[in-house]
Every structure is written in structure tokens, then in C-alpha cells.
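Shown here: data.csv, CSV, C-alpha atoms.
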chain,number,residue,atom,x,y,z
A,1,MET,CA,1.1,-31.0,4.6
A,2,THR,CA,4.3,-32.5,3.2
A,3,LYS,CA,4.6,-36.1,2.2
A,4,SER,CA,6.8,-36.9,5.2
A,5,ASN,CA,4.3,-35.3,7.6
A,6,ALA,CA,1.5,-37.3,6.1
A,7,THR,CA,3.5,-40.5,6.5
A,8,PHE,CA,4.2,-39.7,10.1
A,9,PHE,CA,0.6,-39.1,10.9
A,10,ARG,CA,-0.5,-42.3,9.1
A,11,ARG,CA,2.0,-44.3,11.1
A,12,LEU,CA,0.9,-42.6,14.4
A,13,MET,CA,-2.8,-43.3,13.7
A,14,ARG,CA,-2.0,-47.0,13.3
A,15,ASN,CA,-0.6,-47.1,16.8
A,16,LYS,CA,-3.6,-47.9,19.0
A,17,GLY,CA,-1.9,-47.0,22.2
A,18,ALA,CA,-0.7,-43.6,20.9
A,19,MET,CA,-4.2,-42.8,19.5
A,20,PHE,CA,-5.8,-43.7,22.8
A,21,GLY,CA,-3.4,-41.4,24.6
A,22,LEU,CA,-3.9,-38.6,22.1
A,23,VAL,CA,-7.7,-38.8,22.4
A,24,VAL,CA,-7.5,-38.7,26.2
A,25,ILE,CA,-5.2,-35.6,26.0
A,26,ILE,CA,-7.5,-33.8,23.5
A,27,ILE,CA,-10.5,-34.5,25.8
A,28,ALA,CA,-8.5,-33.2,28.8
A,29,ILE,CA,-7.5,-30.0,26.9
A,30,PHE,CA,-11.2,-29.4,25.9
A,31,VAL,CA,-12.3,-29.9,29.5
A,32,ALA,CA,-9.5,-27.6,30.8
A,33,VAL,CA,-10.6,-24.8,28.4
A,34,PHE,CA,-14.3,-25.0,29.1
A,35,ALA,CA,-14.1,-26.3,32.7
A,36,TYR,CA,-16.3,-23.5,34.2
A,37,PHE,CA,-19.0,-24.2,31.6
A,38,LEU,CA,-19.0,-27.9,32.1
A,39,ALA,CA,-18.7,-28.0,35.9
A,40,PRO,CA,-22.0,-28.1,37.9
A,41,ASP,CA,-20.4,-25.6,40.2
A,42,GLY,CA,-19.2,-22.7,38.1
A,43,SER,CA,-18.0,-20.5,41.0
A,44,PRO,CA,-14.4,-19.5,41.1
A,45,ASN,CA,-12.2,-22.6,41.9
A,46,ALA,CA,-15.5,-24.6,42.3
A,47,ASN,CA,-15.5,-23.4,45.9
A,48,ARG,CA,-19.2,-23.5,46.8
A,49,ILE,CA,-18.9,-24.5,50.4
A,50,ILE,CA,-22.0,-26.2,51.9
A,51,VAL,CA,-20.7,-27.9,55.1
A,52,GLU,CA,-24.0,-29.5,55.9
A,53,VAL,CA,-23.7,-31.8,52.9
A,54,GLY,CA,-20.1,-32.7,53.3
A,55,GLY,CA,-19.0,-36.2,52.5
A,56,LEU,CA,-21.9,-37.2,50.3
A,57,LYS,CA,-21.5,-40.4,48.3
A,58,PRO,CA,-21.4,-40.4,44.5
A,59,GLY,CA,-24.8,-40.0,42.9
A,60,THR,CA,-26.5,-38.5,45.9
A,61,LYS,CA,-29.4,-36.1,45.3
A,62,GLN,CA,-30.1,-33.2,47.6
A,63,LEU,CA,-32.9,-30.6,47.8
A,64,PHE,CA,-31.8,-27.0,48.1
A,65,LEU,CA,-33.5,-23.6,48.7
A,66,LEU,CA,-31.9,-20.9,46.6
A,67,LEU,CA,-31.8,-17.6,48.5
A,68,PRO,CA,-30.7,-14.5,46.6
A,69,LYS,CA,-27.6,-12.9,48.2
A,70,GLU,CA,-27.9,-9.5,49.7
A,71,ARG,CA,-25.0,-8.2,47.6
A,72,GLN,CA,-25.5,-9.4,44.1
A,73,PRO,CA,-22.3,-10.1,42.2
A,74,ALA,CA,-21.3,-8.1,39.2
A,75,GLN,CA,-21.9,-9.5,35.8
A,76,VAL,CA,-18.8,-10.9,34.1
A,77,GLY,CA,-18.1,-11.3,30.4
A,78,LEU,CA,-17.8,-14.5,28.5
A,79,PHE,CA,-14.0,-14.5,28.5
A,80,GLN,CA,-13.8,-13.6,32.2
A,81,ARG,CA,-16.1,-16.5,33.0
A,82,LEU,CA,-14.2,-18.8,30.8
A,83,LEU,CA,-11.0,-18.1,32.8
A,84,TYR,CA,-12.2,-17.6,36.3
A,85,GLY,CA,-15.8,-18.7,36.5
A,86,HIS,CA,-18.5,-16.4,38.0
A,87,GLU,CA,-19.6,-15.7,41.6
A,88,GLU,CA,-23.1,-17.1,42.2
A,89,ALA,CA,-26.0,-14.9,42.9
A,90,PHE,CA,-27.7,-17.4,45.3
A,91,GLU,CA,-27.0,-19.0,48.6
A,92,TYR,CA,-27.6,-22.8,48.7
A,93,ILE,CA,-29.6,-23.9,51.8
A,94,PRO,CA,-29.9,-27.7,52.0
A,95,ILE,CA,-33.5,-28.8,53.0
A,96,VAL,CA,-35.4,-32.0,53.5
A,97,GLY,CA,-38.8,-30.7,52.7
A,98,TYR,CA,-40.9,-27.6,52.3
A,99,ARG,CA,-44.5,-26.3,52.3
A,100,VAL,CA,-46.3,-23.1,51.5
A,101,ASP,CA,-48.2,-21.5,54.4
A,102,GLY,CA,-50.0,-18.4,53.2
A,103,ASP,CA,-47.4,-15.9,52.0
A,104,SER,CA,-44.5,-17.8,53.6
A,105,LEU,CA,-42.4,-20.7,52.5
A,106,ILE,CA,-41.8,-23.1,55.4
A,107,VAL,CA,-38.7,-25.4,55.0
A,108,GLN,CA,-37.0,-28.0,57.1
A,109,LYS,CA,-33.3,-27.1,56.8
A,110,PHE,CA,-31.0,-30.0,56.8
A,111,VAL,CA,-28.4,-29.6,59.6
A,112,ASP,CA,-27.0,-33.1,60.0
A,113,GLU,CA,-28.1,-36.7,59.8
A,114,GLY,CA,-31.4,-36.8,61.6
A,115,VAL,CA,-31.2,-33.1,62.6
A,116,GLU,CA,-33.5,-30.6,61.0
A,117,GLU,CA,-34.3,-26.9,61.6
A,118,ARG,CA,-37.6,-25.2,60.8
A,119,ARG,CA,-37.3,-21.9,58.9
A,120,ALA,CA,-39.8,-19.6,57.3
A,121,TYR,CA,-39.1,-17.3,54.3
A,122,PRO,CA,-41.3,-14.9,52.4
A,123,GLN,CA,-42.8,-16.8,49.5
A,124,GLY,CA,-41.4,-15.9,46.1
A,125,THR,CA,-43.6,-15.7,43.0
A,126,ASP,CA,-41.7,-18.4,41.2
A,127,LEU,CA,-41.4,-21.4,43.6
A,128,SER,CA,-39.6,-23.6,41.1
A,129,ARG,CA,-36.8,-21.0,41.0
A,130,LEU,CA,-36.3,-21.2,44.7
A,131,ILE,CA,-36.4,-25.0,45.2
A,132,VAL,CA,-33.9,-27.1,43.1
A,133,VAL,CA,-32.6,-30.7,43.3
A,134,LYS,CA,-28.9,-31.1,42.8
A,135,ARG,CA,-27.2,-34.5,42.0
A,136,PHE,CA,-23.6,-34.8,43.1
A,137,TRP,CA,-22.3,-37.4,40.6
A,138,LEU,CA,-19.0,-37.9,42.3
A,139,GLY,CA,-20.1,-36.9,45.8
A,140,THR,CA,-18.9,-33.9,47.9
A,141,ASP,CA,-15.8,-33.4,50.0
A,142,LYS,CA,-15.7,-32.6,53.7
A,143,TYR,CA,-16.6,-29.0,53.0
A,144,GLY,CA,-19.6,-29.9,50.8
A,145,ARG,CA,-17.9,-28.9,47.6
A,146,ASP,CA,-18.8,-30.8,44.4
A,147,ILE,CA,-16.0,-33.3,43.6
A,148,LEU,CA,-16.9,-33.5,39.9
A,149,SER,CA,-16.6,-29.7,39.5
A,150,ARG,CA,-13.2,-29.6,41.3
A,151,LEU,CA,-12.0,-32.5,39.3
A,152,LEU,CA,-12.9,-30.8,36.0
A,153,ILE,CA,-11.3,-27.5,37.0
A,154,GLY,CA,-8.3,-29.3,38.5
A,155,VAL,CA,-7.3,-30.7,35.1
A,156,ARG,CA,-6.1,-27.1,34.3
A,157,VAL,CA,-3.4,-27.4,36.9
A,158,SER,CA,-2.1,-30.7,35.7
A,159,LEU,CA,-2.0,-29.6,32.0
A,160,ALA,CA,-0.5,-26.2,32.9
A,161,VAL,CA,2.3,-27.7,35.0
A,162,GLY,CA,3.1,-30.2,32.3
A,163,LEU,CA,3.2,-27.5,29.6
A,164,VAL,CA,5.3,-25.1,31.6
A,165,THR,CA,7.6,-27.9,32.6
A,166,VAL,CA,8.1,-29.1,29.0
A,167,VAL,CA,8.7,-25.5,27.8
A,168,LEU,CA,11.3,-24.9,30.5
A,169,SER,CA,13.0,-28.3,30.2
A,170,LEU,CA,13.2,-27.9,26.4
A,171,THR,CA,14.5,-24.3,26.6
A,172,VAL,CA,17.2,-25.1,29.1
A,173,GLY,CA,18.0,-28.7,28.0
A,174,VAL,CA,18.2,-28.0,24.3
A,175,LEU,CA,20.3,-24.9,24.7
A,176,LEU,CA,22.8,-26.5,27.1
A,177,GLY,CA,22.9,-29.9,25.4
A,178,ALA,CA,23.4,-28.3,22.0
A,179,LEU,CA,26.3,-26.1,23.2
A,180,ALA,CA,28.0,-29.1,24.9
A,181,GLY,CA,27.7,-31.3,21.9
A,182,TYR,CA,28.7,-28.7,19.3
A,183,PHE,CA,31.6,-27.0,21.0
A,184,GLY,CA,32.9,-29.8,23.1
A,185,GLY,CA,36.1,-29.2,25.2
A,186,LYS,CA,35.7,-27.1,28.3
A,187,VAL,CA,32.1,-26.1,27.4
A,188,ASP,CA,31.2,-29.8,27.2
A,189,GLU,CA,33.0,-30.6,30.5
A,190,THR,CA,31.3,-27.8,32.4
A,191,ILE,CA,27.8,-28.6,31.2
A,192,LEU,CA,28.3,-32.3,31.8
A,193,TRP,CA,29.4,-31.5,35.4
A,194,LEU,CA,26.3,-29.4,35.9
A,195,VAL,CA,24.1,-32.2,34.5
A,196,ASN,CA,25.7,-34.8,36.8
A,197,VAL,CA,25.3,-32.6,39.8
A,198,VAL,CA,21.6,-32.0,39.1
A,199,TRP,CA,21.1,-35.6,38.3
A,200,SER,CA,22.6,-36.7,41.5
A,201,ILE,CA,20.0,-34.9,43.6
A,202,PRO,CA,16.6,-36.6,44.1
A,203,THR,CA,13.9,-34.7,42.1
A,204,LEU,CA,11.6,-34.0,45.0
A,205,LEU,CA,14.5,-32.8,47.2
A,206,LEU,CA,15.6,-30.4,44.4
A,207,VAL,CA,12.0,-29.2,43.9
A,208,PHE,CA,11.8,-28.5,47.6
A,209,ALA,CA,15.0,-26.6,47.6
A,210,ILE,CA,13.9,-24.4,44.6
A,211,MET,CA,10.6,-23.8,46.3
A,212,LEU,CA,12.3,-22.6,49.5
A,213,VAL,CA,13.8,-19.9,47.3
A,214,LEU,CA,10.7,-19.1,45.2
A,215,GLY,CA,8.1,-19.7,47.9
A,216,LYS,CA,4.8,-21.5,47.7
A,217,GLY,CA,2.3,-20.7,44.9
A,218,PHE,CA,0.8,-21.6,41.6
A,219,TRP,CA,3.5,-20.5,39.2
A,220,GLN,CA,6.4,-21.3,41.7
A,221,VAL,CA,5.4,-25.0,41.4
A,222,PHE,CA,5.6,-24.9,37.6
A,223,VAL,CA,9.0,-23.2,37.6
A,224,ALA,CA,10.5,-25.5,40.3
A,225,ILE,CA,9.4,-28.7,38.5
A,226,GLY,CA,10.6,-27.3,35.1
A,227,LEU,CA,14.0,-26.5,36.4
A,228,THR,CA,14.5,-30.1,37.5
A,229,LEU,CA,13.5,-32.1,34.4
A,230,TRP,CA,15.9,-30.5,31.8
A,231,VAL,CA,18.8,-32.9,32.4
A,232,ASN,CA,17.3,-35.7,30.3
A,233,VAL,CA,16.8,-33.3,27.4
A,234,ALA,CA,20.3,-31.9,27.7
A,235,ARG,CA,21.9,-35.4,27.7
A,236,ILE,CA,19.9,-36.6,24.7
A,237,ILE,CA,20.5,-33.4,22.7
A,238,ARG,CA,24.3,-33.5,23.5
A,239,GLY,CA,24.5,-37.1,22.2
A,240,GLN,CA,22.5,-36.3,19.0
A,241,VAL,CA,24.6,-33.2,18.2
A,242,LEU,CA,27.8,-35.2,18.8
A,243,ALA,CA,26.6,-37.7,16.3
A,244,VAL,CA,25.8,-35.2,13.5
A,245,ARG,CA,28.2,-32.4,13.9
A,246,GLU,CA,30.8,-34.0,11.6
A,247,ARG,CA,28.2,-34.8,8.9
A,248,GLU,CA,28.7,-33.5,5.3
A,249,TYR,CA,26.0,-30.9,5.4
A,250,VAL,CA,27.4,-29.4,8.6
A,251,GLU,CA,30.9,-29.3,7.1
A,252,ALA,CA,29.5,-27.7,4.0
A,253,ALA,CA,27.8,-25.0,6.2
A,254,ARG,CA,31.1,-24.3,7.9
A,255,ALA,CA,32.9,-24.1,4.6
A,256,LEU,CA,30.3,-21.5,3.4
A,257,GLY,CA,31.3,-19.4,6.4
A,258,TYR,CA,28.0,-19.6,8.3
A,259,ARG,CA,28.0,-18.5,11.9
A,260,HIS,CA,27.9,-21.2,14.7
A,261,THR,CA,24.4,-20.1,15.8
A,262,ARG,CA,23.0,-20.6,12.3
A,263,ILE,CA,24.7,-24.0,11.9
A,264,LEU,CA,23.5,-25.1,15.3
A,265,PHE,CA,19.9,-23.8,15.3
A,266,ARG,CA,19.1,-24.1,11.6
A,267,HIS,CA,21.0,-27.1,10.4
A,268,ILE,CA,21.7,-29.4,13.3
A,269,LEU,CA,18.9,-29.0,15.8
A,270,PRO,CA,16.0,-29.6,13.4
A,271,ASN,CA,17.5,-32.9,12.5
A,272,VAL,CA,18.0,-34.2,16.1
A,273,MET,CA,14.7,-33.3,17.8
A,274,GLY,CA,13.0,-36.6,17.3
A,275,PRO,CA,14.1,-38.2,20.6
A,276,VAL,CA,13.4,-34.9,22.4
A,277,TRP,CA,9.6,-35.1,21.5
A,278,VAL,CA,9.6,-38.6,23.1
A,279,VAL,CA,11.3,-37.4,26.3
A,280,SER,CA,9.0,-34.3,26.4
A,281,ALA,CA,5.9,-36.6,26.6
A,282,SER,CA,7.6,-38.5,29.4
A,283,ASN,CA,8.5,-35.2,31.2
A,284,PHE,CA,4.9,-34.1,30.8
A,285,ALA,CA,3.7,-37.2,32.7
A,286,SER,CA,6.4,-36.8,35.3
A,287,ALA,CA,5.5,-33.2,35.9
A,288,ILE,CA,1.8,-34.2,36.6
A,289,VAL,CA,2.9,-36.8,39.1
A,290,ILE,CA,5.4,-34.5,40.9
A,291,GLU,CA,2.9,-31.7,41.1
A,292,ALA,CA,0.3,-34.0,42.6
A,293,GLY,CA,2.9,-35.2,45.1
A,294,LEU,CA,3.8,-31.7,46.1
A,295,SER,CA,0.2,-30.6,46.5
A,296,PHE,CA,-0.5,-33.7,48.6
A,297,LEU,CA,2.4,-32.7,50.8
A,298,GLY,CA,1.1,-29.2,51.1
A,299,VAL,CA,3.8,-27.3,49.3
A,300,GLY,CA,2.2,-27.3,45.8
A,301,VAL,CA,-0.9,-25.5,44.7
A,302,GLN,CA,-2.6,-23.9,47.7
A,303,PRO,CA,-6.3,-24.0,48.6
A,304,PRO,CA,-8.9,-23.2,47.5
A,305,GLN,CA,-7.5,-23.7,44.0
A,306,PRO,CA,-8.4,-27.3,43.0
A,307,SER,CA,-5.5,-29.7,42.3
A,308,TRP,CA,-5.9,-33.4,42.0
A,309,GLY,CA,-3.1,-34.0,44.5
A,310,LEU,CA,-4.6,-31.5,46.9
A,311,MET,CA,-8.0,-33.3,46.5
A,312,ILE,CA,-6.4,-36.6,47.5
A,313,LYS,CA,-4.8,-34.9,50.6
A,314,GLU,CA,-8.2,-33.4,51.6
A,315,ASN,CA,-10.1,-36.6,51.3
A,316,TYR,CA,-7.7,-39.5,51.8
A,317,ASN,CA,-9.1,-40.1,55.3
A,318,PHE,CA,-12.3,-41.3,53.6
A,319,ILE,CA,-10.5,-44.2,52.0
A,320,ILE,CA,-10.8,-46.3,55.2
A,321,THR,CA,-14.3,-44.9,56.1
A,322,HIS,CA,-17.6,-44.9,54.3
A,323,ASN,CA,-16.7,-43.0,51.1
A,324,PRO,CA,-13.3,-44.0,49.4
A,325,ALA,CA,-14.4,-42.6,46.0
A,326,LEU,CA,-13.6,-39.0,47.2
A,327,ALA,CA,-9.9,-39.8,47.2
A,328,LEU,CA,-9.8,-42.6,44.6
A,329,THR,CA,-11.5,-40.4,41.8
A,330,PRO,CA,-8.7,-37.8,41.6
A,331,GLY,CA,-6.1,-40.6,41.9
A,332,LEU,CA,-7.7,-42.4,38.9
A,333,ALA,CA,-7.7,-39.1,37.0
A,334,ILE,CA,-4.0,-38.7,37.6
A,335,MET,CA,-3.3,-42.3,36.5
A,336,LEU,CA,-5.4,-41.9,33.3
A,337,LEU,CA,-3.7,-38.6,32.2
A,338,VAL,CA,-0.2,-39.9,33.0
A,339,LEU,CA,-0.9,-43.1,31.1
A,340,ALA,CA,-2.1,-41.1,28.1
A,341,PHE,CA,1.1,-39.1,27.9
A,342,ASN,CA,3.2,-42.2,28.4
A,343,LEU,CA,1.3,-44.1,25.6
A,344,LEU,CA,1.7,-41.1,23.3
A,345,GLY,CA,5.4,-41.0,24.1
A,346,ASN,CA,5.8,-44.7,23.3
A,347,GLY,CA,3.9,-44.2,20.0
A,348,LEU,CA,6.1,-41.3,19.0
A,349,ARG,CA,9.2,-43.4,19.8
A,350,ASP,CA,8.0,-46.2,17.6
A,351,VAL,CA,6.9,-43.9,14.7
A,352,LEU,CA,10.1,-41.8,14.8
A,353,ASN,CA,12.2,-45.0,15.3
A,354,VAL,CA,14.4,-43.4,18.0
A,355,ARG,CA,16.2,-44.8,21.0
A,356,VAL,CA,16.1,-42.8,24.2

Rewrite the coordinates I just gave you, this time as C-alpha cells.
Amino acid sequence: MTKSNATFFRRLMRNKGAMFGLVVIIIAIFVAVFAYFLAPDGSPNANRIIVEVGGLKPGTKQLFLLLPKERQPAQVGLFQRLLYGHEEAFEYIPIVGYRVDGDSLIVQKFVDEGVEERRAYPQGTDLSRLIVVKRFWLGTDKYGRDILSRLLIGVRVSLAVGLVTVVLSLTVGVLLGALAGYFGGKVDETILWLVNVVWSIPTLLLVFAIMLVLGKGFWQVFVAIGLTLWVNVARIIRGQVLAVREREYVEAARALGYRHTRILFRHILPNVMGPVWVVSASNFASAIVIEAGLSFLGVGVQPPQPSWGLMIKENYNFIITHNPALALTPGLAIMLLVLAFNLLGNGLRDVLNVRV
């Protein structure tokens, strides 16, 4: 690590807001990578549907009878499970009580509040394996899916949309902004006209228009959002390149006969990227909010894939009923992650001493 890098990290670590944001982001990344191992429901998309226990309040315990499925799922490897989870080998039957009668297991199946159904099953040799108690720490949605599991797996969507958006916005914005600032003239006028046109269209309307072309889906959301947030990057890069293109080291590079691409990408851009990192943190936060809004409106990530915005849409009716936590929990998660990226961006701005 160079001396300048060490100084940068020391100054960043002294910024309490930035360090709080960085810790939250690191935790979110860890959760996103190991979500299926951390989630109580490790099935694909945390989509274990048990409609009888829909709408449970946070902390509720429920007794279940585990019945082996007729068709046992295939075994998956560690990497496959890490990415997609694993199909469960048991069917979860909610019960309120049970007893052993000879070679049969008699259970009272929970159907609804105050409604039970008596069922008999051949008794297994290991009763403790058949009867389990599950605690739903954040409750269940109207389909009986575990909110905590969907919240943990949903962080993948938020981080992925932010990452793809930042990569796209940097790629497009840095390229166009650098060309406009370096060459000027007609190139500058054309790119500035494009920036002004894109900037004049409300972000959500532009995202809707792009998605009409690309269609609904997981990756379409990322591309649509990424193609709307590049204008800030282009504007900042253009201004920074305009400020340094007449510096002595750039003139020296021209005098040595270096090509424009080498001057631009090896001598100018590395010295003007400070403000871009600050804007990238802001774009990351904006992308998370936009994706949540799109999913809430039904044009973003599609069910059953968990998304925090989609979870709010599915459970917002509970806000005015008996269980508001079902919608408030993903809302608080969005707020915390967006706050973390904004605090990190503010810290980078202070440490790098840039104006954006």
C-alpha cells in the first residue's frame, strides 16, 4: 500500500459516518453471499408457501409435522446451494398438537384460527425428526413465507441492481464525459445535447420507457436503471477533463506524440476520478430506491423472487391492520442500506476534498 493510500484510509476511518456506512455495506455483502445458509428457509427464493400460517406476527412459534415428499429432490453441490438454495425434502404441515396411538401418529392440523382437522399418519421411528417447532422472527407474509428469509435473500437484488447500475453509469458516463471534455467543439455540443435531453426526462418515466423496450425481468431492471443514471457522471467528468486538459503534463504528453486515447485514459482520467467515486455511491443508493419503487409498482423484479420493494407491495395492506411489521421491515432495510451508501459517499467527499 502506497503512502497516499494509507493516508486516505486513515482519514476515511476517522469519519464515523463513513465507517458506519462501510460496516453496514460489508455486512450486507456478507449476507448477500451466504443468504441461503443464513436464512431459516433455504429453499429457492425462500418460497416455502404455508398458507395456513400466513400473516403471523414477529416472534411467533408454530408446531410443524415434517412429511417426506413423494419425490425426493436431487442433491445439490455447495456452490449450487450458495447461488440458488436447495429444494426441501419435507412438506411442512402446521399442527396444534399430536399424540401417538399404537403405530399411528395422530395430529390436529391447524387450518385457521380456531379450526383444526384430525389426521393420522404411520408413526416414524424418530418422532423428534417428524415434529419441529419453528419461530418466525419477523413473521410471515400472506402466503405463509418467512419474512426474515425473504429479507436476507432480497438484499441480493438491492446490491446487484446498485452494482450493475454503477458499472453501466461509469462506463457510459466516463466515456461520453471524457470525450466531450477532451475534444470539445461539435463532440462536446452533441454529447451535452444528449445529456440535457436525458436529464429533462423524469427518471422513473425514462426507466418505464426503457423497460417497455426490454420487457420485465431481473436483468432488464438493472440495465434500465443503469442507462438513466449516467448523466451525472458524464457532466462531472466533462468538467474535470476541461479543467486539466491544458495542464503541463497533458501538454508534455501531446508534445511526445502520444495518441489521444493514451493521453485521455492513462494521463487525464486517473487524475479526475475522485468526484466520480462520490457520485457512484450516490448512484448506488438511488438505484436501490428506484428498483424498490419499480418492484412496488409491479414492473420490477417479478415474483416469486424476493425484492424489498415487492415485499412492501405484497404486505402494505397489513400496515393498517394487525401486523404492520410485515411491510415496515423491508422499508427499514431499504432505508438503512440507502443511508449507508449516502454516508459513505459523504465520507469520500470529505476525504477526497471534492465538490460535486

Using Å and a single decimal, report how far atom CA of A:Gly309 sits from atom CA of A:Arg156.
12.7 Å

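When atom CA of A:Leu65 is paired with atom CA of A:Trp137, their separation reads 19.5 Å.
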
Once you add 3 Å to each side, what are the centre and edge lengths of the axis-aligned box holding all listed atoms of stretch 338-348 of chain A? One decimal in Å, as lines of an AutoDock Vina configuration file, if you can.
center_x = 2.0
center_y = -41.9
center_z = 26.0
size_x = 14.2
size_y = 11.6
size_z = 20.0

Can you pull out the residues contacting A:Val53? Cut-off 10 Å, using all atoms listed in the file, and skip same-chain residues under 6 positions away; I want them as a list of chain:residue names.
A:Gln62, A:Ile93, A:Pro94, A:Phe110, A:Val111, A:Asp112, A:Glu113, A:Gly139, A:Thr140, A:Asp141, A:Lys142, A:Tyr143, A:Gly144, A:Arg145, A:Asp146

Measuring between all atoms listed in the file, which one of A:Val299, A:Val231, A:Leu242, A:Ile50 shows the shortest distance to A:Ala209?
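Looking at the shortest contact to A:Ala209, the residue is A:Val299.
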
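Reported to one decimal place, the separation of atom CA of A:Leu176 from atom CA of A:Gly257 is 23.5 Å.
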
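Here the question is which of A:Thr228, A:Gln305, A:Asn45, A:Ser200 gets nearest to A:Leu168 using only C-alpha atoms, and that residue is A:Thr228.
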
From the options A:Phe208, A:Tyr316, A:Tyr182, A:Phe79, which residue's atoms come nearest to A:Val241, counting all atoms listed in the file?
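Distance minimum relative to A:Val241 lands on A:Tyr182.
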
Could you check which residues have any atom within 12 Å of (-27.7, -14.1, 41.4), counting only C-alpha atoms with coordinates taken straight from the file, and then list them as a PyMOL selection string?
chain A and resi 43+66-76+86-92+129-130

Find, counting only C-alpha atoms, the residue in A:Leu138, A:Met311, A:Ile201, A:Leu78 that gets nearest to A:Asn323.
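For A:Asn323, the nearest of the candidates is A:Leu138.
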
Write out as a list of chain:residue names each polymer residue whose atoms come within 10 Å of A:Arg150, counting only C-alpha atoms; drop sequence neighbours fewer than 2 positions from it.
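My reading of the contact set: A:Ala35, A:Tyr36, A:Ala39, A:Pro40, A:Asp41, A:Gly42, A:Asn45, A:Ala46, A:Asn47, A:Thr140, A:Asp141, A:Arg145, A:Asp146, A:Ile147, A:Leu148, A:Leu152, A:Ile153, A:Gly154, A:Val155, A:Pro304, A:Gln305, A:Pro306, A:Ser307, A:Trp308, A:Met311, A:Pro330.
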
Write out as a PyMOL selection string the residues lying within 9 Å of A:Arg235, counting only C-alpha atoms and excluding same-chain residues fewer than 6 positions away.
chain A and resi 173-174+176-177+192+195

Please list as a VMD selection string every residue within 12 Å of stretch 21-26 of chain A, counting all atoms listed in the file and excluding residues in the same chain fewer than 5 positions away.
chain A and resid 12 to 13 15 to 16 31 to 33 155 to 156 158 to 159 162 281 284 to 285 333 to 348

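Neighbouring residues of A:Ile312 at 10 Å or closer, counting only C-alpha atoms and skipping chain neighbours under 4 positions away, are Ala292, Gly293, Ser295, Phe296, Ser307, Trp308, Tyr316, Asn317, Phe318, Ile319, Leu326, Ala327, Leu328, Thr329, Pro330 and Gly331 of chain A.
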
So which one's closest to A:Ala252, A:His267, A:Leu212, A:Gly17, A:Ile225? Using all atoms listed in the file, please.
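Under the stated criterion, the closest residue is A:His267.
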
Which residue out of A:Ile263, A:Val244, A:Val100, A:Val223 has the minimum interatomic distance to A:Val207 when all atoms listed in the file are used?
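Of A:Ile263, A:Val244, A:Val100, A:Val223, the one nearest A:Val207, counting all atoms listed in the file, is A:Val223.
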